[in-house]
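What follows is a short report on a single structure.
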Amino acid sequence: MDATAIVIIVVSTALAIIFKLVLFKKIRNWMDQDLIKGLAGDDNDKLQFLQDKLERLKSDRVPRKLYQEHLTNDANEFEQSR
């Protein structure tokens, strides 16, 4: 193989990995937003409250597997505080 072929292989592999990572992040974000919208229903105040809580969970570096539990508890607390 010549240098051009090697460069093409390296560049295309790097782009494929980057594409996979970007797509993975977008899908995770869509899943989080779907969870929030499901918990909030048609209540825009609750939706905004849960989005703020999600941002706080992300900034506190809470493991993703605990997001549903925390957001469900926060949604229940929001309903009880009304």
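Starting from 1 in every chain, residues are counted up; chains themselves are A, B, ... following the order of the structure tokens, and ligands are numbered from 1 as listed.
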
Checklist line | Long-range neighbours of segment 79-81 of chain A as a ChimeraX atom specification, 10 Å cut-off, only C-alpha atoms, 6 positions minimum in chain | finding: /A:40,46,73

Next item on the list: Using backbone DSSP assignments, extract all alpha helix (DSSP H) residues from chain A; output them as a PyMOL selection string.
Entry: chain A and resi 3-40+44-59+67-81

Note to self: Set the distance at 10 Å and use only C-alpha atoms: which residues neighbour Leu50 of chain A once local chain neighbours fewer than 5 positions away are removed? I'd like the list as a ChimeraX atom specification.
What the structure shows: /A:33,35-37,39-40,44-45,55-56,70-72,74-75,78

Check: Using only C-alpha atoms, which residue out of A:Asn29, A:Asp2, A:Asp42, A:Asn76 lies closest to Leu54 of chain A?
Finding: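 Closest to Leu54 of chain A of all the choices is A:Asn29.
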
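Minimum distance to Phe49 of chain A across A:Val7, A:Lys25, A:Glu77, A:Ser12 (counting only C-alpha atoms) occurs at A:Glu77.
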